[in-house]
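Trainee: Here's a structure for you.
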Amino acid sequence: MFVASLAKLRQLCLALPETTEVGVGDDPTFGVKGQTFATCHRVGDRESVWFKASPRTRSRLLSNGDDRRFFTPPYVGQHGWIGAWIDENCDWSQLDALLRESYQMTAPDAQGDNASRRENATTLIARAS
């Protein structure tokens, strides 16, 4: 299962301009301009991706205790990162929007008008929730 999920995750992240993948095997890290915006981790026997999120997004995704797709990851969670399980319950459209938001927070000058892009990502995230 994870091989297919990792391939899909790579497709989403590497579609973003100037994104690079660092690391080998099952724990790649994706960055732009030398800054990380997403990283894969195995937590127990489950695979996850950790990424930056705005306070509004974090609040919305983590406040719903019934939604077990998202969690506060150790170490980086206190710095505004969020984790998502990448398994059969993964909503890839929603994860794409979340990864784009993380990318935009990491490289605000990577692409033109980021305010409207951030607004579009927030709209997609809200619709998928």
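Starting from 1 in every chain, residues are counted up; chains themselves are A, B, ... following the order of the structure tokens, and ligands are numbered from 1 as listed.
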Excluding region 33-43 of chain A and any residue of its chain fewer than 6 positions from it, enumerate the residues within 8 Å of it, using only C-alpha atoms, and give them as JSON, numbers by chain.

Mentor: {"A": [18, 19, 26, 27, 49, 50, 51, 52, 99, 102, 103, 106, 107]}

Trainee: Would you put the residues from that selection into a file with N, CA and C atoms, as a PDB file, in the first residue's frame?

Mentor:
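The resulting file, selection.pdb, is reproduced below:
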ATOM      1  N   GLU A  18      10.048  24.210  -8.526  1.00  0.00           N
ATOM      2  CA  GLU A  18      11.329  24.231  -7.814  1.00  0.00           C
ATOM      3  C   GLU A  18      11.403  23.260  -6.637  1.00  0.00           C
ATOM      4  N   THR A  19      10.471  22.315  -6.566  1.00  0.00           N
ATOM      5  CA  THR A  19      10.488  21.344  -5.469  1.00  0.00           C
ATOM      6  C   THR A  19      11.567  20.300  -5.720  1.00  0.00           C
ATOM      7  N   ASP A  26      11.817   5.035   1.972  1.00  0.00           N
ATOM      8  CA  ASP A  26      10.422   5.313   2.307  1.00  0.00           C
ATOM      9  C   ASP A  26      10.201   6.598   3.091  1.00  0.00           C
ATOM     10  N   ASP A  27      11.251   7.355   3.380  1.00  0.00           N
ATOM     11  CA  ASP A  27      11.096   8.574   4.175  1.00  0.00           C
ATOM     12  C   ASP A  27      11.610   9.810   3.446  1.00  0.00           C
ATOM     13  N   VAL A  49       2.521  11.696   6.385  1.00  0.00           N
ATOM     14  CA  VAL A  49       3.246  12.839   5.856  1.00  0.00           C
ATOM     15  C   VAL A  49       3.012  13.992   6.823  1.00  0.00           C
ATOM     16  N   TRP A  50       4.070  14.725   7.131  1.00  0.00           N
ATOM     17  CA  TRP A  50       3.996  15.880   8.019  1.00  0.00           C
ATOM     18  C   TRP A  50       4.257  17.119   7.177  1.00  0.00           C
ATOM     19  N   PHE A  51       3.524  18.199   7.443  1.00  0.00           N
ATOM     20  CA  PHE A  51       3.648  19.413   6.639  1.00  0.00           C
ATOM     21  C   PHE A  51       3.241  20.625   7.460  1.00  0.00           C
ATOM     22  N   LYS A  52       3.664  21.799   6.999  1.00  0.00           N
ATOM     23  CA  LYS A  52       3.303  23.050   7.660  1.00  0.00           C
ATOM     24  C   LYS A  52       1.831  23.338   7.386  1.00  0.00           C
ATOM     25  N   LEU A  99      -0.828  20.354   1.036  1.00  0.00           N
ATOM     26  CA  LEU A  99       0.576  20.406   0.636  1.00  0.00           C
ATOM     27  C   LEU A  99       0.890  21.701  -0.100  1.00  0.00           C
ATOM     28  N   SER A 102       1.286  24.375   2.493  1.00  0.00           N
ATOM     29  CA  SER A 102       2.592  24.231   3.132  1.00  0.00           C
ATOM     30  C   SER A 102       3.699  24.770   2.227  1.00  0.00           C
ATOM     31  N   TYR A 103       3.622  24.431   0.962  1.00  0.00           N
ATOM     32  CA  TYR A 103       4.591  24.923  -0.020  1.00  0.00           C
ATOM     33  C   TYR A 103       4.590  26.450  -0.052  1.00  0.00           C
ATOM     34  N   THR A 106       6.202  28.030   2.861  1.00  0.00           N
ATOM     35  CA  THR A 106       7.644  27.805   2.875  1.00  0.00           C
ATOM     36  C   THR A 106       8.365  28.686   1.871  1.00  0.00           C
ATOM     37  N   ALA A 107       7.802  28.855   0.698  1.00  0.00           N
ATOM     38  CA  ALA A 107       8.443  29.615  -0.377  1.00  0.00           C
ATOM     39  C   ALA A 107       7.494  30.675  -0.899  1.00  0.00           C
TER      40      ALA A 107
END

Trainee: Rank nothing, just name the residue among A:Asp91, A:Asp96, A:Asp109, A:Glu101 nearest to Arg10 (chain A), using only C-alpha atoms.

Mentor: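 Counting only C-alpha atoms, the residue closest to Arg10 (chain A) is A:Asp96.
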
Trainee: Would you return as a PyMOL selection string the members of chain A that DSSP assigns to alpha helix (DSSP H) on this structure's backbone?

Mentor: chain A and resi 2-14+55-63+92-106+114-128

Trainee: For CA of Glu47 (chain A) and CA of Ala4 (chain A), quote the distance in Å rounded to one decimal.

Mentor: 11.7 Å

Trainee: Kindly indicate which residue among A:Arg100, A:Asn64, A:Met105, A:Pro55 lies nearest to Ala15 (chain A), using only C-alpha atoms for the distances.

Mentor: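 Residue with the minimum atom-to-atom distance to Ala15 (chain A): A:Arg100.
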
Trainee: Can you pull out every residue within 12 Å of Cys90 (chain A), counting only C-alpha atoms, but drop anything in the same chain fewer than 2 positions away, and send it as an NGL selection string?

Mentor: :A and (1-2 or 5-6 or 8-9 or 47-49 or 67-70 or 83-88 or 92-96 or 128)

Trainee: Hey, can you check how far CA of Arg58 (chain A) sits from CA of Ala7 (chain A)?

Mentor: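 Taking CA of Arg58 (chain A) as the start and CA of Ala7 (chain A) as the end point, the length is 25.2 Å.
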
Trainee: If I take CA of Val3 (chain A) and CA of Gly31 (chain A), how far is one from the other in Å, to one decimal?

Mentor: 20.3 Å

Trainee: Per DSSP on the backbone, what are the strand (DSSP E or B) residues of region 2-123 of chain A, as number ranges by chain?

Mentor: A: 19-22, 29-32, 35-43, 46-52, 70-71, 81-85

Trainee: Of the candidates A:Ala97, A:Val76, A:Val22, A:Asp45, which shows the shortest atom-to-atom distance to Thr57 (chain A), using only C-alpha atoms?

Mentor: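 Result for the nearest residue to Thr57 (chain A): A:Ala97.
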